[in-house]
file model_6.pdb (PDB, C-alpha atoms)
ATOM      1  CA  GLN A   1     151.590 175.918 148.199  1.00  0.00           C
ATOM      2  CA  LEU A   2     152.115 174.946 151.796  1.00  0.00           C
ATOM      3  CA  GLN A   3     154.307 171.868 152.237  1.00  0.00           C
ATOM      4  CA  ILE A   4     155.744 170.019 155.192  1.00  0.00           C
ATOM      5  CA  VAL A   5     158.486 167.421 154.897  1.00  0.00           C
ATOM      6  CA  GLU A   6     159.828 165.382 157.799  1.00  0.00           C
ATOM      7  CA  SER A   7     163.123 163.537 157.923  1.00  0.00           C
ATOM      8  CA  GLY A   8     165.550 162.044 160.389  1.00  0.00           C
ATOM      9  CA  GLY A   9     163.756 158.883 161.413  1.00  0.00           C
ATOM     10  CA  GLY A  10     165.424 155.519 161.548  1.00  0.00           C
ATOM     11  CA  LEU A  11     166.333 152.528 163.649  1.00  0.00           C
ATOM     12  CA  VAL A  12     167.991 153.237 166.982  1.00  0.00           C
ATOM     13  CA  GLN A  13     168.779 151.175 170.041  1.00  0.00           C
ATOM     14  CA  PRO A  14     167.074 151.833 173.377  1.00  0.00           C
ATOM     15  CA  GLY A  15     168.789 154.728 175.116  1.00  0.00           C
ATOM     16  CA  GLY A  16     169.879 156.237 171.823  1.00  0.00           C
ATOM     17  CA  SER A  17     169.048 159.569 170.226  1.00  0.00           C
ATOM     18  CA  LEU A  18     167.566 160.885 167.013  1.00  0.00           C
ATOM     19  CA  ARG A  19     166.901 164.357 165.706  1.00  0.00           C
ATOM     20  CA  LEU A  20     163.860 164.785 163.501  1.00  0.00           C
ATOM     21  CA  SER A  21     163.604 167.701 161.106  1.00  0.00           C
ATOM     22  CA  CYS A  22     160.489 169.350 159.723  1.00  0.00           C
ATOM     23  CA  VAL A  23     161.101 171.609 156.750  1.00  0.00           C
ATOM     24  CA  VAL A  24     158.209 173.849 155.799  1.00  0.00           C
ATOM     25  CA  SER A  25     157.637 175.795 152.601  1.00  0.00           C
ATOM     26  CA  GLY A  26     154.925 178.085 151.349  1.00  0.00           C
ATOM     27  CA  PHE A  27     154.566 179.826 154.703  1.00  0.00           C
ATOM     28  CA  THR A  28     156.675 181.399 157.415  1.00  0.00           C
ATOM     29  CA  LEU A  29     157.025 179.985 160.895  1.00  0.00           C
ATOM     30  CA  ASP A  30     156.248 183.352 162.490  1.00  0.00           C
ATOM     31  CA  TYR A  31     152.554 182.831 161.754  1.00  0.00           C
ATOM     32  CA  TYR A  32     152.202 179.144 162.532  1.00  0.00           C
ATOM     33  CA  ALA A  33     152.348 176.867 165.522  1.00  0.00           C
ATOM     34  CA  ILE A  34     154.141 173.633 164.705  1.00  0.00           C
ATOM     35  CA  GLY A  35     153.522 170.324 166.383  1.00  0.00           C
ATOM     36  CA  TRP A  36     155.116 166.920 166.385  1.00  0.00           C
ATOM     37  CA  PHE A  37     152.777 163.962 166.608  1.00  0.00           C
ATOM     38  CA  ARG A  38     153.210 160.216 166.471  1.00  0.00           C
ATOM     39  CA  GLN A  39     151.149 157.185 165.662  1.00  0.00           C
ATOM     40  CA  ALA A  40     152.038 153.657 166.630  1.00  0.00           C
ATOM     41  CA  PRO A  41     150.397 150.646 164.955  1.00  0.00           C
ATOM     42  CA  GLY A  42     146.884 150.140 166.249  1.00  0.00           C
ATOM     43  CA  LYS A  43     146.921 153.360 168.250  1.00  0.00           C
ATOM     44  CA  GLU A  44     145.529 156.825 167.753  1.00  0.00           C
ATOM     45  CA  ARG A  45     147.739 159.693 166.689  1.00  0.00           C
ATOM     46  CA  GLU A  46     148.965 161.626 169.708  1.00  0.00           C
ATOM     47  CA  GLY A  47     150.687 164.906 170.333  1.00  0.00           C
ATOM     48  CA  VAL A  48     154.334 164.817 171.365  1.00  0.00           C
ATOM     49  CA  SER A  49     155.473 168.410 171.382  1.00  0.00           C
ATOM     50  CA  CYS A  50     154.655 171.779 169.863  1.00  0.00           C
ATOM     51  CA  ILE A  51     156.148 175.223 169.530  1.00  0.00           C
ATOM     52  CA  SER A  52     154.328 178.499 169.166  1.00  0.00           C
ATOM     53  CA  ALA A  53     154.478 180.928 166.272  1.00  0.00           C
ATOM     54  CA  SER A  54     156.539 183.241 168.476  1.00  0.00           C
ATOM     55  CA  GLY A  55     158.963 180.415 169.207  1.00  0.00           C
ATOM     56  CA  GLY A  56     158.806 181.376 172.848  1.00  0.00           C
ATOM     57  CA  SER A  57     156.296 178.798 174.033  1.00  0.00           C
ATOM     58  CA  THR A  58     156.627 175.049 173.935  1.00  0.00           C
ATOM     59  CA  ASN A  59     154.526 172.186 175.149  1.00  0.00           C
ATOM     60  CA  TYR A  60     155.340 168.525 175.743  1.00  0.00           C
ATOM     61  CA  ALA A  61     153.376 165.382 176.343  1.00  0.00           C
ATOM     62  CA  ASP A  62     154.195 163.746 179.666  1.00  0.00           C
ATOM     63  CA  SER A  63     155.882 160.912 177.787  1.00  0.00           C
ATOM     64  CA  ALA A  64     158.276 163.394 176.163  1.00  0.00           C
ATOM     65  CA  LYS A  65     159.119 165.646 179.070  1.00  0.00           C
ATOM     66  CA  GLY A  66     162.768 165.538 180.053  1.00  0.00           C
ATOM     67  CA  ARG A  67     163.743 163.493 176.998  1.00  0.00           C
ATOM     68  CA  PHE A  68     162.592 165.435 173.922  1.00  0.00           C
ATOM     69  CA  THR A  69     163.333 169.017 172.958  1.00  0.00           C
ATOM     70  CA  ILE A  70     161.570 171.006 170.255  1.00  0.00           C
ATOM     71  CA  SER A  71     163.293 173.934 168.587  1.00  0.00           C
ATOM     72  CA  ARG A  72     163.199 175.855 165.373  1.00  0.00           C
ATOM     73  CA  ASP A  73     165.423 177.750 162.962  1.00  0.00           C
ATOM     74  CA  ASN A  74     163.446 180.453 161.195  1.00  0.00           C
ATOM     75  CA  ALA A  75     166.221 181.099 158.688  1.00  0.00           C
ATOM     76  CA  LYS A  76     165.954 177.491 157.540  1.00  0.00           C
ATOM     77  CA  ASN A  77     162.177 177.240 157.922  1.00  0.00           C
ATOM     78  CA  THR A  78     162.830 174.155 159.977  1.00  0.00           C
ATOM     79  CA  VAL A  79     161.530 172.766 163.251  1.00  0.00           C
ATOM     80  CA  TYR A  80     163.495 170.076 165.059  1.00  0.00           C
ATOM     81  CA  LEU A  81     162.628 167.416 167.575  1.00  0.00           C
ATOM     82  CA  GLN A  82     165.642 166.180 169.491  1.00  0.00           C
ATOM     83  CA  MET A  83     164.812 162.834 171.048  1.00  0.00           C
ATOM     84  CA  ASN A  84     167.101 161.387 173.700  1.00  0.00           C
ATOM     85  CA  SER A  85     166.912 158.313 175.921  1.00  0.00           C
ATOM     86  CA  LEU A  86     164.644 156.624 173.416  1.00  0.00           C
ATOM     87  CA  LYS A  87     162.507 153.716 174.525  1.00  0.00           C
ATOM     88  CA  PRO A  88     160.848 150.932 172.545  1.00  0.00           C
ATOM     89  CA  GLU A  89     157.487 152.541 173.271  1.00  0.00           C
ATOM     90  CA  ASP A  90     158.621 155.594 171.289  1.00  0.00           C
ATOM     91  CA  THR A  91     158.410 153.485 168.145  1.00  0.00           C
ATOM     92  CA  ALA A  92     155.926 155.137 165.785  1.00  0.00           C
ATOM     93  CA  VAL A  93     155.522 157.172 162.649  1.00  0.00           C
ATOM     94  CA  TYR A  94     156.279 160.770 163.593  1.00  0.00           C
ATOM     95  CA  TYR A  95     154.402 163.559 161.876  1.00  0.00           C
ATOM     96  CA  CYS A  96     154.961 167.289 161.744  1.00  0.00           C
ATOM     97  CA  ALA A  97     151.925 169.541 161.454  1.00  0.00           C
ATOM     98  CA  ALA A  98     151.102 173.226 161.290  1.00  0.00           C
ATOM     99  CA  VAL A  99     148.228 175.494 162.183  1.00  0.00           C
ATOM    100  CA  ARG A 100     147.955 179.211 161.518  1.00  0.00           C
ATOM    101  CA  ALA A 101     147.951 180.907 164.896  1.00  0.00           C
ATOM    102  CA  GLY A 102     148.716 184.527 164.039  1.00  0.00           C
ATOM    103  CA  TYR A 103     151.918 186.501 163.839  1.00  0.00           C
ATOM    104  CA  GLY A 104     154.005 186.023 166.958  1.00  0.00           C
ATOM    105  CA  SER A 105     151.304 184.096 168.770  1.00  0.00           C
ATOM    106  CA  SER A 106     152.266 182.234 171.932  1.00  0.00           C
ATOM    107  CA  TRP A 107     149.488 179.683 171.510  1.00  0.00           C
ATOM    108  CA  THR A 108     150.350 176.005 171.696  1.00  0.00           C
ATOM    109  CA  ASP A 109     148.213 172.889 171.817  1.00  0.00           C
ATOM    110  CA  LEU A 110     148.855 169.179 171.428  1.00  0.00           C
ATOM    111  CA  LYS A 111     145.408 168.225 170.195  1.00  0.00           C
ATOM    112  CA  VAL A 112     145.553 166.628 166.773  1.00  0.00           C
ATOM    113  CA  ASP A 113     142.327 168.247 165.602  1.00  0.00           C
ATOM    114  CA  TRP A 114     143.721 171.778 165.790  1.00  0.00           C
ATOM    115  CA  TYR A 115     146.282 171.175 163.048  1.00  0.00           C
ATOM    116  CA  ASP A 116     145.440 171.702 159.391  1.00  0.00           C
ATOM    117  CA  TYR A 117     148.598 170.866 157.473  1.00  0.00           C
ATOM    118  CA  TRP A 118     150.488 167.615 157.778  1.00  0.00           C
ATOM    119  CA  GLY A 119     153.638 166.031 156.479  1.00  0.00           C
ATOM    120  CA  GLN A 120     153.930 162.462 155.265  1.00  0.00           C
ATOM    121  CA  GLY A 121     155.652 161.189 158.399  1.00  0.00           C
ATOM    122  CA  THR A 122     158.960 159.564 159.231  1.00  0.00           C
ATOM    123  CA  GLN A 123     159.362 156.166 160.876  1.00  0.00           C
ATOM    124  CA  VAL A 124     161.159 155.891 164.205  1.00  0.00           C
ATOM    125  CA  THR A 125     161.953 152.402 165.447  1.00  0.00           C
ATOM    126  CA  VAL A 126     163.563 151.836 168.816  1.00  0.00           C
ATOM    127  CA  SER A 127     164.788 148.278 169.140  1.00  0.00           C
ATOM    128  CA  SER A 128     167.827 146.275 170.118  1.00  0.00           C
TER
END
call {"tool": "encode", "arguments": {"input": "model_6.pdb", "output": "structure tokens"}}
result
Amino acid sequence: QLQIVESGGGLVQPGGSLRLSCVVSGFTLDYYAIGWFRQAPGKEREGVSCISASGGSTNYADSAKGRFTISRDNAKNTVYLQMNSLKPEDTAVYYCAAVRAGYGSSWTDLKVDWYDYWGQGTQVTVSS
């Protein structure tokens, strides 16, 4: 059974850093694109970053460029989102999601609707 579990959220001061982890089971990363999404209260879920099944292609929302880095460790079946220079507007529940894209595919997309499998989310709060 395919499962996705996020962790690493918490309370951090503005300018601080967090690293989110997304551990997947029941499938291998080589076949799936993985995305990080977030949803703030009263707002729609939005794409933050994604990484292709090949691991060679990444994509970032404008709000994340230069501050966030997505990476993965196939041996650990884990995708990471390193978030630096955090701002209060980054406060949201962060979700990890997967979509089958084909072995070694370079496809990436930040649209929520593409993704079929979702984790339960992890809260990130940026506040002084």
call {"tool": "resolve_selection", "arguments": {"input": "model_6.pdb", "expression": "the PyMOL selection byres ((chain A and resi 6) around 8)", "output": "PyMOL selection string"}}
result
chain A and resi 4-5+7-8+20-23+95-96+119-122
call {"tool": "closest_residue", "arguments": {"input": "model_6.pdb", "among": "A:Ser127, A:Gln3, A:Thr91, A:Ser63", "to": "A:Gln39", "atoms": "only C-alpha atoms"}}
result
A:Thr91
call {"tool": "resolve_selection", "arguments": {"input": "model_6.pdb", "expression": "the PyMOL selection byres ((chain A and resi 66) around 12)", "output": "compact mmCIF listing (two decimals) with C-alpha atoms, in the coordinates of the input"}}
result
# COMPACT_ATOMS: atom_id res chain seq x y z
CA SER A 49 155.47 168.41 171.38
CA ASN A 59 154.53 172.19 175.15
CA TYR A 60 155.34 168.52 175.74
CA ALA A 61 153.38 165.38 176.34
CA ASP A 62 154.20 163.75 179.67
CA SER A 63 155.88 160.91 177.79
CA ALA A 64 158.28 163.39 176.16
CA LYS A 65 159.12 165.65 179.07
CA ARG A 67 163.74 163.49 177.00
CA PHE A 68 162.59 165.44 173.92
CA THR A 69 163.33 169.02 172.96
CA ILE A 70 161.57 171.01 170.26
CA GLN A 82 165.64 166.18 169.49
CA MET A 83 164.81 162.83 171.05
CA ASN A 84 167.10 161.39 173.70
CA SER A 85 166.91 158.31 175.92
CA LEU A 86 164.64 156.62 173.42
call {"tool": "residues_near_point", "arguments": {"input": "model_6.pdb", "point": "(168.5, 149.9, 172.8)", "cutoff": "6 Å", "atoms": "all atoms listed in the file", "output": "PyMOL selection string"}}
result
chain A and resi 13-15+127-128
call {"tool": "resolve_selection", "arguments": {"input": "model_6.pdb", "expression": "the PyMOL selection byres ((chain A and resi 101-112) around 9)", "output": "PyMOL selection string"}}
result
chain A and resi 29-37+45-61+97+99-100+113-116
call {"tool": "atom_distance", "arguments": {"input": "model_6.pdb", "atom1": "atom CA of A:Thr125", "atom2": "atom CA of A:Ala40"}}
result
10.1 Å
call {"tool": "atom_distance", "arguments": {"input": "model_6.pdb", "atom1": "atom CA of A:Gly42", "atom2": "atom CA of A:Leu2"}}
result
29.2 Å
call {"tool": "atom_distance", "arguments": {"input": "model_6.pdb", "atom1": "atom CA of A:Lys87", "atom2": "atom CA of A:Val12"}}
result
9.3 Å
call {"tool": "closest_residue", "arguments": {"input": "model_6.pdb", "among": "A:Gln1, A:Ala92, A:Tyr80, A:Ser71", "to": "A:Ser25", "atoms": "all atoms listed in the file"}}
result
A:Gln1
call {"tool": "closest_residue", "arguments": {"input": "model_6.pdb", "among": "A:Leu81, A:Ala75, A:Ala98, A:Val126", "to": "A:Arg19", "atoms": "all atoms listed in the file"}}
result
A:Leu81
call {"tool": "closest_residue", "arguments": {"input": "model_6.pdb", "among": "A:Arg38, A:Gly9, A:Glu89, A:Val24", "to": "A:Asp73", "atoms": "only C-alpha atoms"}}
result
A:Val24
call {"tool": "closest_residue", "arguments": {"input": "model_6.pdb", "among": "A:Glu44, A:Gly10, A:Phe27, A:Gln123", "to": "A:Tyr94", "atoms": "all atoms listed in the file"}}
result
A:Gln123
call {"tool": "build_atoms", "arguments": {"input": "model_6.pdb", "residues": "stretch 85-96 of chain A", "atoms": "all heavy atoms", "output": "mmCIF file, keeping the file's coordinate frame"}}
result
data_model
loop_
_atom_site.group_PDB
_atom_site.id
_atom_site.type_symbol
_atom_site.label_atom_id
_atom_site.label_comp_id
_atom_site.auth_asym_id
_atom_site.auth_seq_id
_atom_site.Cartn_x
_atom_site.Cartn_y
_atom_site.Cartn_z
ATOM 1 N N SER A 85 167.350 159.406 175.036
ATOM 2 C CA SER A 85 166.912 158.313 175.921
ATOM 3 C C SER A 85 165.700 157.595 175.351
ATOM 4 O O SER A 85 164.703 157.364 176.044
ATOM 5 C CB SER A 85 166.577 158.867 177.319
ATOM 6 O OG SER A 85 167.689 159.532 177.863
ATOM 7 N N LEU A 86 165.784 157.242 174.099
ATOM 8 C CA LEU A 86 164.644 156.624 173.416
ATOM 9 C C LEU A 86 164.314 155.259 173.985
ATOM 10 O O LEU A 86 165.210 154.499 174.402
ATOM 11 C CB LEU A 86 164.918 156.553 171.923
ATOM 12 C CG LEU A 86 164.748 157.888 171.195
ATOM 13 C CD1 LEU A 86 165.445 157.867 169.843
ATOM 14 C CD2 LEU A 86 163.281 158.228 171.035
ATOM 15 N N LYS A 87 163.028 154.969 173.989
ATOM 16 C CA LYS A 87 162.507 153.716 174.525
ATOM 17 C C LYS A 87 161.770 152.972 173.418
ATOM 18 O O LYS A 87 161.288 153.602 172.464
ATOM 19 C CB LYS A 87 161.543 154.010 175.675
ATOM 20 C CG LYS A 87 162.107 154.883 176.764
ATOM 21 C CD LYS A 87 161.018 155.230 177.785
ATOM 22 C CE LYS A 87 161.540 156.155 178.866
ATOM 23 N NZ LYS A 87 160.472 156.514 179.844
ATOM 24 N N PRO A 88 161.617 151.674 173.558
ATOM 25 C CA PRO A 88 160.848 150.932 172.545
ATOM 26 C C PRO A 88 159.438 151.481 172.344
ATOM 27 O O PRO A 88 158.922 151.456 171.219
ATOM 28 C CB PRO A 88 160.824 149.511 173.115
ATOM 29 C CG PRO A 88 162.083 149.409 173.911
ATOM 30 C CD PRO A 88 162.263 150.777 174.519
ATOM 31 N N GLU A 89 158.841 151.995 173.397
ATOM 32 C CA GLU A 89 157.487 152.541 173.271
ATOM 33 C C GLU A 89 157.433 153.855 172.498
ATOM 34 O O GLU A 89 156.354 154.377 172.223
ATOM 35 C CB GLU A 89 156.838 152.717 174.648
ATOM 36 C CG GLU A 89 157.676 153.457 175.662
ATOM 37 C CD GLU A 89 158.454 152.521 176.568
ATOM 38 O OE1 GLU A 89 159.034 151.516 176.068
ATOM 39 O OE2 GLU A 89 158.504 152.794 177.784
ATOM 40 N N ASP A 90 158.587 154.410 172.156
ATOM 41 C CA ASP A 90 158.621 155.594 171.289
ATOM 42 C C ASP A 90 158.510 155.220 169.809
ATOM 43 O O ASP A 90 158.413 156.095 168.946
ATOM 44 C CB ASP A 90 159.926 156.374 171.501
ATOM 45 C CG ASP A 90 160.016 156.983 172.882
ATOM 46 O OD1 ASP A 90 158.999 157.520 173.362
ATOM 47 O OD2 ASP A 90 161.108 156.918 173.479
ATOM 48 N N THR A 91 158.521 153.940 169.522
ATOM 49 C CA THR A 91 158.410 153.485 168.145
ATOM 50 C C THR A 91 157.069 153.912 167.549
ATOM 51 O O THR A 91 156.010 153.634 168.114
ATOM 52 C CB THR A 91 158.550 151.960 168.070
ATOM 53 O OG1 THR A 91 159.871 151.594 168.490
ATOM 54 C CG2 THR A 91 158.299 151.453 166.663
ATOM 55 N N ALA A 92 157.136 154.607 166.426
ATOM 56 C CA ALA A 92 155.926 155.137 165.785
ATOM 57 C C ALA A 92 156.324 155.861 164.510
ATOM 58 O O ALA A 92 157.514 156.104 164.262
ATOM 59 C CB ALA A 92 155.200 156.101 166.715
ATOM 60 N N VAL A 93 155.318 156.209 163.731
ATOM 61 C CA VAL A 93 155.522 157.172 162.649
ATOM 62 C C VAL A 93 155.341 158.558 163.262
ATOM 63 O O VAL A 93 154.332 158.823 163.924
ATOM 64 C CB VAL A 93 154.541 156.958 161.495
ATOM 65 C CG1 VAL A 93 154.751 158.024 160.415
ATOM 66 C CG2 VAL A 93 154.710 155.561 160.906
ATOM 67 N N TYR A 94 156.313 159.414 163.047
ATOM 68 C CA TYR A 94 156.279 160.770 163.593
ATOM 69 C C TYR A 94 155.897 161.753 162.492
ATOM 70 O O TYR A 94 156.476 161.742 161.400
ATOM 71 C CB TYR A 94 157.634 161.132 164.188
ATOM 72 C CG TYR A 94 157.854 160.501 165.541
ATOM 73 C CD1 TYR A 94 158.068 159.117 165.653
ATOM 74 C CD2 TYR A 94 157.825 161.253 166.706
ATOM 75 C CE1 TYR A 94 158.243 158.519 166.891
ATOM 76 C CE2 TYR A 94 158.008 160.665 167.950
ATOM 77 C CZ TYR A 94 158.208 159.304 168.031
ATOM 78 O OH TYR A 94 158.382 158.712 169.266
ATOM 79 N N TYR A 95 154.925 162.581 162.824
ATOM 80 C CA TYR A 95 154.402 163.559 161.876
ATOM 81 C C TYR A 95 154.641 164.975 162.396
ATOM 82 O O TYR A 95 154.549 165.233 163.596
ATOM 83 C CB TYR A 95 152.897 163.382 161.687
ATOM 84 C CG TYR A 95 152.492 162.055 161.099
ATOM 85 C CD1 TYR A 95 152.213 160.975 161.923
ATOM 86 C CD2 TYR A 95 152.375 161.887 159.719
ATOM 87 C CE1 TYR A 95 151.827 159.761 161.394
ATOM 88 C CE2 TYR A 95 151.990 160.673 159.181
ATOM 89 C CZ TYR A 95 151.718 159.611 160.028
ATOM 90 O OH TYR A 95 151.346 158.406 159.496
ATOM 91 N N CYS A 96 154.890 165.867 161.457
ATOM 92 C CA CYS A 96 154.961 167.289 161.744
ATOM 93 C C CYS A 96 153.707 167.939 161.181
ATOM 94 O O CYS A 96 153.242 167.566 160.083
ATOM 95 C CB CYS A 96 156.209 167.876 161.095
ATOM 96 S SG CYS A 96 156.461 169.635 161.363
#
